[in-house]
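Participant: Got a structure for you, final-v3.csv, holding CSV, C-alpha atoms and all ligand atoms.
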chain,number,residue,atom,x,y,z
W,24,MET,CA,-48.5,225.1,134.2
W,25,VAL,CA,-45.0,225.0,132.8
W,26,ILE,CA,-42.8,228.0,133.8
W,27,VAL,CA,-40.0,228.6,131.4
W,28,GLY,CA,-37.1,230.9,132.2
W,29,ILE,CA,-35.6,232.9,129.3
W,30,THR,CA,-32.0,234.0,130.2
W,31,GLY,CA,-28.8,235.1,128.6
W,32,GLY,CA,-26.2,237.8,129.2
W,33,ILE,CA,-26.8,241.5,128.5
W,34,GLY,CA,-27.4,242.1,124.8
W,35,SER,CA,-27.9,238.4,123.9
W,36,GLY,CA,-31.4,239.1,122.6
W,37,LYS,CA,-33.8,237.9,125.3
W,38,SER,CA,-36.2,240.8,124.7
W,39,VAL,CA,-36.4,239.9,121.0
W,40,ILE,CA,-37.3,236.3,121.9
W,41,SER,CA,-39.8,237.6,124.5
W,42,LYS,CA,-41.5,239.8,121.9
W,43,LEU,CA,-41.7,236.8,119.5
W,44,LEU,CA,-43.4,234.7,122.3
W,45,VAL,CA,-45.8,237.5,123.1
W,46,ALA,CA,-46.7,237.7,119.4
W,47,MET,CA,-47.3,233.9,119.5
W,48,GLY,CA,-49.8,234.5,122.4
W,49,TYR,CA,-47.6,233.5,125.4
W,50,PRO,CA,-47.5,235.5,128.6
W,51,VAL,CA,-44.0,236.7,129.4
W,52,TYR,CA,-42.9,238.3,132.7
W,53,ASP,CA,-40.2,240.9,132.0
W,54,SER,CA,-38.1,241.1,135.2
W,55,ASP,CA,-36.1,244.2,134.2
W,56,ALA,CA,-39.3,246.2,133.5
W,57,GLU,CA,-41.2,244.8,136.6
W,58,ALA,CA,-38.2,245.5,138.9
W,59,LYS,CA,-38.3,249.1,137.7
W,60,LYS,CA,-42.0,249.4,138.5
W,61,ILE,CA,-41.5,247.9,141.9
W,62,MET,CA,-38.6,250.4,142.6
W,63,GLN,CA,-41.0,253.1,141.6
W,64,TYR,CA,-44.1,252.3,143.7
W,65,ASP,CA,-43.2,249.8,146.6
W,66,LEU,CA,-42.7,252.1,149.6
W,67,SER,CA,-40.6,249.7,151.6
W,68,VAL,CA,-38.3,249.1,148.6
W,69,ILE,CA,-38.0,252.9,148.0
W,70,LYS,CA,-37.2,253.5,151.7
W,71,ALA,CA,-34.5,250.7,151.8
W,72,LEU,CA,-32.9,252.0,148.5
W,73,GLN,CA,-32.8,255.6,149.8
W,74,LEU,CA,-31.2,254.4,153.1
W,75,GLU,CA,-28.6,252.3,151.2
W,76,PHE,CA,-27.8,254.5,148.2
W,77,GLY,CA,-28.7,258.0,149.4
W,78,GLU,CA,-31.5,260.5,148.8
W,79,ASN,CA,-30.4,261.1,145.2
W,80,THR,CA,-31.5,257.6,144.3
W,81,TYR,CA,-34.8,259.4,143.4
W,82,LEU,CA,-34.9,262.7,141.5
W,83,ASN,CA,-38.3,264.3,141.3
W,84,ASN,CA,-39.8,261.0,142.6
W,85,GLN,CA,-38.3,259.2,139.6
W,86,LEU,CA,-35.7,256.4,140.1
W,87,ASN,CA,-32.3,257.8,139.2
W,88,LYS,CA,-31.1,254.8,137.2
W,89,GLN,CA,-27.7,256.4,136.2
W,90,HIS,CA,-26.9,257.0,139.9
W,91,LEU,CA,-27.7,253.4,140.9
W,92,ALA,CA,-26.0,251.9,137.9
W,93,GLY,CA,-22.8,253.9,138.7
W,94,GLU,CA,-23.0,252.8,142.3
W,95,VAL,CA,-23.4,249.0,141.7
W,96,PHE,CA,-22.0,247.8,138.4
W,97,GLY,CA,-18.3,248.3,139.3
W,98,ASN,CA,-18.8,247.1,142.9
W,99,PRO,CA,-20.0,243.6,143.6
W,100,GLU,CA,-20.7,244.3,147.3
W,101,ARG,CA,-23.0,247.3,146.4
W,102,LEU,CA,-24.7,245.2,143.7
W,103,ARG,CA,-25.4,242.5,146.3
W,104,ALA,CA,-27.0,245.1,148.6
W,105,LEU,CA,-29.2,246.3,145.7
W,106,ASN,CA,-30.2,242.8,144.7
W,107,ALA,CA,-31.0,241.9,148.4
W,108,ILE,CA,-33.5,244.8,148.4
W,109,VAL,CA,-35.1,244.4,145.0
W,110,HIS,CA,-35.0,240.6,144.2
W,111,PRO,CA,-37.3,239.4,147.0
W,112,ALA,CA,-40.0,241.9,145.9
W,113,VAL,CA,-39.6,240.8,142.3
W,114,LYS,CA,-39.9,237.2,143.2
W,115,ARG,CA,-43.2,237.8,145.1
W,116,ASP,CA,-44.5,239.9,142.3
W,117,PHE,CA,-43.7,237.1,139.8
W,118,GLN,CA,-45.4,234.5,141.9
W,119,ALA,CA,-48.5,236.6,142.1
W,120,TRP,CA,-48.4,237.2,138.3
W,121,ALA,CA,-47.9,233.5,137.6
W,122,LYS,CA,-51.0,232.6,139.7
W,123,GLN,CA,-53.1,234.8,137.5
W,124,GLN,CA,-52.1,233.2,134.2
W,125,SER,CA,-54.3,230.6,132.5
W,126,ASN,CA,-51.9,229.6,129.7
W,127,PRO,CA,-50.3,226.2,130.3
W,128,VAL,CA,-46.9,227.6,129.3
W,129,VAL,CA,-45.6,231.0,130.7
W,130,PHE,CA,-42.2,232.6,130.5
W,131,LEU,CA,-40.0,234.5,133.0
W,132,GLU,CA,-37.3,236.7,131.3
W,133,THR,CA,-34.3,237.7,133.2
W,134,ALA,CA,-30.6,238.1,132.5
W,135,ILE,CA,-29.7,236.9,136.0
W,136,LEU,CA,-32.0,233.8,136.3
W,137,PHE,CA,-29.2,231.6,137.8
W,138,GLU,CA,-27.3,234.4,139.6
W,139,SER,CA,-30.4,235.5,141.5
W,140,GLY,CA,-31.7,232.0,142.2
W,141,PHE,CA,-34.9,232.8,140.3
W,142,ASN,CA,-34.4,229.5,138.5
W,143,SER,CA,-36.1,227.9,141.6
W,144,GLU,CA,-39.3,229.3,140.0
W,145,THR,CA,-38.8,227.6,136.6
W,146,HIS,CA,-39.3,224.1,135.2
W,147,LYS,CA,-37.3,224.6,132.0
W,148,VAL,CA,-34.8,227.2,130.9
W,149,ILE,CA,-34.0,228.7,127.5
W,150,LEU,CA,-30.6,230.3,127.1
W,151,VAL,CA,-30.2,233.0,124.4
W,152,THR,CA,-26.6,233.3,123.3
W,153,ALA,CA,-24.6,235.6,120.9
W,154,PRO,CA,-20.9,236.2,120.5
W,155,LEU,CA,-19.5,238.6,123.1
W,156,ASP,CA,-18.4,241.2,120.6
W,157,ILE,CA,-21.8,241.3,119.0
W,158,ARG,CA,-23.5,241.6,122.4
W,159,ILE,CA,-21.3,244.5,123.3
W,160,GLU,CA,-21.8,246.3,120.0
W,161,ARG,CA,-25.6,245.8,120.2
W,162,VAL,CA,-25.9,247.3,123.7
W,163,VAL,CA,-23.6,250.2,123.0
W,164,ARG,CA,-25.8,251.1,120.1
W,165,ARG,CA,-29.1,250.4,122.0
W,166,ASP,CA,-28.2,252.2,125.2
W,167,GLN,CA,-25.8,254.9,123.9
W,168,CYS,CA,-23.3,253.7,126.5
W,169,THR,CA,-19.6,252.8,126.5
W,170,GLN,CA,-18.0,249.4,125.9
W,171,GLU,CA,-16.6,249.6,129.5
W,172,GLN,CA,-20.1,250.1,131.0
W,173,VAL,CA,-21.3,247.0,129.2
W,174,MET,CA,-18.2,245.0,130.3
W,175,GLN,CA,-18.9,246.0,133.9
W,176,ARG,CA,-22.4,244.4,133.7
W,177,ILE,CA,-21.0,241.3,132.0
W,178,ALA,CA,-18.5,241.0,134.8
W,179,GLN,CA,-21.4,240.6,137.3
W,180,GLN,CA,-23.1,237.9,135.2
W,181,TRP,CA,-22.3,234.2,134.8
W,182,THR,CA,-20.5,233.1,131.6
W,183,GLU,CA,-22.6,231.6,128.8
W,184,GLU,CA,-20.8,228.3,129.3
W,185,ALA,CA,-21.9,228.2,133.0
W,186,LYS,CA,-25.4,229.1,132.0
W,187,ALA,CA,-25.5,226.5,129.2
W,188,LEU,CA,-24.7,223.7,131.6
W,189,LYS,CA,-28.0,224.4,133.5
W,190,SER,CA,-30.2,225.2,130.5
W,191,ASP,CA,-32.6,222.9,128.6
W,192,PHE,CA,-32.7,224.8,125.3
W,193,ILE,CA,-30.3,227.2,123.6
W,194,ILE,CA,-31.2,229.8,121.0
W,195,VAL,CA,-28.3,231.1,119.0
W,196,ASN,CA,-28.8,234.8,118.1
W,197,ASP,CA,-25.7,235.6,116.0
W,198,GLY,CA,-27.6,237.0,113.1
W,199,GLN,CA,-27.1,233.8,111.1
W,200,HIS,CA,-29.7,231.5,112.6
W,201,SER,CA,-33.5,232.0,112.3
W,202,LEU,CA,-34.9,233.1,115.7
W,203,ILE,CA,-38.4,232.2,114.6
W,204,LYS,CA,-37.5,228.6,113.6
W,205,GLN,CA,-35.5,228.1,116.8
W,206,THR,CA,-38.3,229.5,119.0
W,207,GLU,CA,-41.0,227.4,117.2
W,208,LYS,CA,-39.0,224.2,117.6
W,209,ILE,CA,-38.7,224.9,121.4
W,210,ILE,CA,-42.4,225.7,121.7
W,211,SER,CA,-43.4,222.5,119.9
W,212,GLU,CA,-41.2,220.4,122.3
W,213,LEU,CA,-42.6,222.3,125.3
W,214,THR,CA,-46.2,221.7,124.3
W,215,GLN,CA,-45.9,218.1,123.2
L,301,LIG,C1,-29.2,249.6,138.3
L,301,LIG,C2,-30.4,249.8,137.4
L,301,LIG,C3,-31.4,250.8,138.0
L,301,LIG,C4,-29.9,250.3,136.0
L,301,LIG,O1,-31.0,250.4,135.1
L,301,LIG,P1,-30.8,250.3,133.5
L,301,LIG,O2,-32.1,250.9,132.9
L,301,LIG,O3,-29.5,251.0,133.2
L,301,LIG,O4,-30.7,248.8,133.2
L,301,LIG,P2,-31.8,247.6,133.1
L,301,LIG,O5,-32.5,247.5,134.4
L,301,LIG,O6,-32.7,247.9,132.0
L,301,LIG,O7,-30.9,246.3,132.9
L,301,LIG,C5,-30.3,246.1,131.7
L,301,LIG,C6,-29.4,244.9,131.8
L,301,LIG,O8,-28.4,245.1,132.8
L,301,LIG,C7,-28.1,243.9,133.4
L,301,LIG,N1,-28.5,243.9,134.9
L,301,LIG,C8,-29.5,244.6,135.5
L,301,LIG,N2,-29.5,244.3,136.8
L,301,LIG,C9,-28.5,243.4,137.0
L,301,LIG,C10,-28.0,242.8,138.2
L,301,LIG,N3,-28.6,243.0,139.3
L,301,LIG,N4,-27.0,241.9,138.0
L,301,LIG,C11,-26.4,241.8,136.8
L,301,LIG,N5,-26.8,242.4,135.7
L,301,LIG,C12,-27.8,243.2,135.8
L,301,LIG,C13,-29.0,242.9,132.7
L,301,LIG,O9,-28.3,242.3,131.6
L,301,LIG,C14,-30.2,243.7,132.3
L,301,LIG,O10,-30.9,243.1,131.3
L,301,LIG,C15,-31.2,248.5,137.2
L,301,LIG,O11,-30.4,247.6,136.4
L,301,LIG,C16,-31.5,247.7,138.5
L,301,LIG,O12,-32.3,248.2,139.3
L,301,LIG,N6,-31.0,246.5,138.7
L,301,LIG,C17,-31.2,245.8,139.9
L,301,LIG,C18,-32.5,245.0,139.8
L,301,LIG,C19,-32.3,243.8,139.0
L,301,LIG,O13,-31.6,242.9,139.3
L,301,LIG,N7,-33.0,243.8,137.8
L,301,LIG,C20,-32.9,242.7,136.9
L,301,LIG,C21,-33.7,241.5,137.1
L,301,LIG,S1,-34.7,241.4,138.5
L,302,LIG,N1,-30.4,239.1,115.6
L,302,LIG,C1,-30.3,240.5,115.8
L,302,LIG,N2,-30.0,241.3,114.8
L,302,LIG,C2,-29.8,242.6,114.9
L,302,LIG,N3,-30.1,243.2,116.1
L,302,LIG,C3,-30.4,242.5,117.2
L,302,LIG,C4,-30.6,241.1,117.1
L,302,LIG,N4,-31.0,240.6,118.3
L,302,LIG,C5,-31.0,241.6,119.1
L,302,LIG,N5,-30.7,242.8,118.4
L,302,LIG,C6,-30.7,244.1,119.0
L,302,LIG,O1,-29.7,244.1,120.0
L,302,LIG,C7,-30.1,244.8,121.2
L,302,LIG,C8,-30.0,243.9,122.4
L,302,LIG,O2,-31.1,242.9,122.2
L,302,LIG,P1,-32.1,242.7,123.4
L,302,LIG,O3,-32.6,244.0,124.0
L,302,LIG,O4,-33.2,241.8,123.0
L,302,LIG,O5,-31.1,242.0,124.5
L,302,LIG,P2,-31.4,241.5,125.9
L,302,LIG,O6,-30.8,240.2,126.1
L,302,LIG,O7,-32.8,241.6,126.3
L,302,LIG,O8,-30.5,242.6,126.7
L,302,LIG,P3,-30.6,243.1,128.3
L,302,LIG,O9,-29.9,242.0,129.1
L,302,LIG,O10,-29.8,244.4,128.3
L,302,LIG,O11,-32.0,243.3,128.6
L,302,LIG,C9,-31.5,245.4,120.9
L,302,LIG,O12,-31.3,246.7,120.4
L,302,LIG,C10,-32.0,244.5,119.8
L,302,LIG,O13,-32.9,245.1,118.9
Could you spell out this file's structure in structure tokens?
Facilitator:
Amino acid sequence: MVIVGITGGIGSGKSVISKLLVAMGYPVYDSDAEAKKIMQYDLSVIKALQLEFGENTYLNNQLNKQHLAGEVFGNPERLRALNAIVHPAVKRDFQAWAKQQSNPVVFLETAILFESGFNSETHKVILVTAPLDIRIERVVRRDQCTQEQVMQRIAQQWTEEAKALKSDFIIVNDGQHSLIKQTEKIISELTQ
């Protein structure tokens, strides 16, 4: 089985590529979504988060995302503490998921593949890129948040240049290049 990482900064278009791959029949592990599920049901993770970030980390038993985002995205030390609680559980969950897959090519989508060290799980990496101003504009529209909030997250992520050096394929998602053609070309190389 070939495990292919899909990475790229916030708003680059990873989820769009993942949706294309799912439509083409490939299994994709969505780390953001799975991390949220783990933070909602894994009792040891829940306890550790409450201890570190206070009781209001959960409101009516639901993860208080705004509270956590406010705590960590302007504060690298607090983000490290959050990552140290959540990432090991996500890694275990991904490994269990990968074992259950029968497709010879599967994908792991995460914005922070290299930052988190999850690239140790992958054989190949696809980097999705888009100009910074377009990424910010897309996320502001998608999440109804401010430019500053997007910039805070970008500040916690590697630059595209640093990620490109460690990636095998690059998909340019600037609205000018066909995503389907670029994805199909990569799939044909991966399956050759
Ligand atoms: C703080 C939380 C609750 C905020 O939730 P929210 O719905 O606002 O954001 P969401 O999780 O959908 O992430 C959106 C984007 O933010 C960026 N981002 C999220 N987590 C991180 C992180 N740890 N480091 C850097 N950027 C991050 C990514 O670009 C991601 O795609 C959430 O981001 C979180 O729990 N993060 C820590 C877990 C994590 O690292 N998840 C990502 C992959 S495992
Ligand atoms: N080529 C495009 N043209 C127009 N809109 C786009 C394009 N690519 C992505 N978008 C939109 O931009 C937003 C960000 O894309 P997407 O959610 O795929 O990014 P992401 O890399 O998964 O972000 P995150 O790191 O936050 O999870 C979404 O609302 C998406 O629909």
Participant: With distances taken over all atoms listed in the file, which of W:Ser190, W:Thr152, W:Ser143, W:Thr182 is nearest to ligand LIG 302 (chain L)?
Facilitator: W:Thr152
Participant: Please provide as an MDAnalysis selection string all residues within 10 Å of region 44-47 of chain W, with the sequence filter that same-chain residues fewer than 6 positions apart are discarded (counting all atoms listed in the file).
Facilitator: chainID W and resid 38 129:130 203 206:207 210
Participant: Find the residues around Gln170 (chain W) up to 12 Å (all atoms listed in the file counted), leave out those fewer than 5 positions away in its own chain, and share them as a ChimeraX atom specification.
Facilitator: /W:34,155-165,175-177
Participant: Determine, counting all atoms listed in the file, which protein, DNA and RNA residues have an atom within 9 Å of an atom of region 104-108 of chain W; residues of the same chain fewer than 2 positions away are not included. Present the result as number ranges by chain.
Facilitator: W: 68, 71-72, 75-76, 91, 95, 99-102, 110-112, 139
Participant: Which residues, written as a PyMOL selection string, have at least one atom at most 6 Å from Thr145 (chain W), with only C-alpha atoms counted and residues fewer than 6 positions away on the same chain left out?
Facilitator: chain W and resi 26-28
Participant: Find the distance between atom O12 of ligand LIG 302 (chain L) and CA of Ser211 (chain W) and write it in Å to one decimal.
Facilitator: 27.1 Å
Participant: Which residues sit within 8 Å of ligand LIG 301 (chain L), counting only C-alpha atoms and all ligand atoms, listed as a count of residues only?
Facilitator: 38
Participant: To one decimal place in Å, what is the distance between atom C4 of ligand LIG 302 (chain L) and CA of Ile61 (chain W)?
Facilitator: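 A separation of 27.9 Å between them.
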Participant: Which residue, W:Gln167, W:Ser125, W:Ile29, W:Gln85, has the smallest gap to Asn142 (chain W) when you use all atoms listed in the file?
Facilitator: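 Looking only at the distances to Asn142 (chain W), the closest residue turns out to be W:Ile29.
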Participant: Which of these residues is nearest to ligand LIG 302 (chain L), using only C-alpha atoms and all ligand atoms: W:Gln123, W:Asp166, W:Phe141, W:His146?
Facilitator: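 Closest residue, counting only C-alpha atoms and all ligand atoms: W:Asp166.
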Participant: Go through W:Asn79, W:Gln172, W:Asn84, W:Ala185 and flag the residue nearest Leu66 (chain W), using all atoms listed in the file for the distances.
Facilitator: W:Asn84
Participant: Have a look at W:Lys122, W:Lys37, W:His200, W:Arg115 and name the one nearest to ligand LIG 302 (chain L); count only C-alpha atoms and all ligand atoms.
Facilitator: W:Lys37
Participant: List the spatial neighbours of Lys189 (chain W) as an MDAnalysis selection string - criterion: any atom at most 10 Å away, all atoms listed in the file, same-chain residues fewer than 3 positions off excluded.
Facilitator: chainID W and resid 137 142 147:150 184:186 192
Participant: Hey, can you check how far atom C3 of ligand LIG 302 (chain L) sits from CA of Ser35 (chain W)?
Facilitator: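 Taking atom C3 of ligand LIG 302 (chain L) as the start and CA of Ser35 (chain W) as the end point, the length is 8.2 Å.
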Participant: Using all atoms listed in the file for the distances, tell me which of W:Lys204, W:Gly198, W:Met174, W:Ile193 is nearest to ligand LIG 302 (chain L).
Facilitator: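 Looking only at the distances to ligand LIG 302 (chain L), the closest residue turns out to be W:Gly198.
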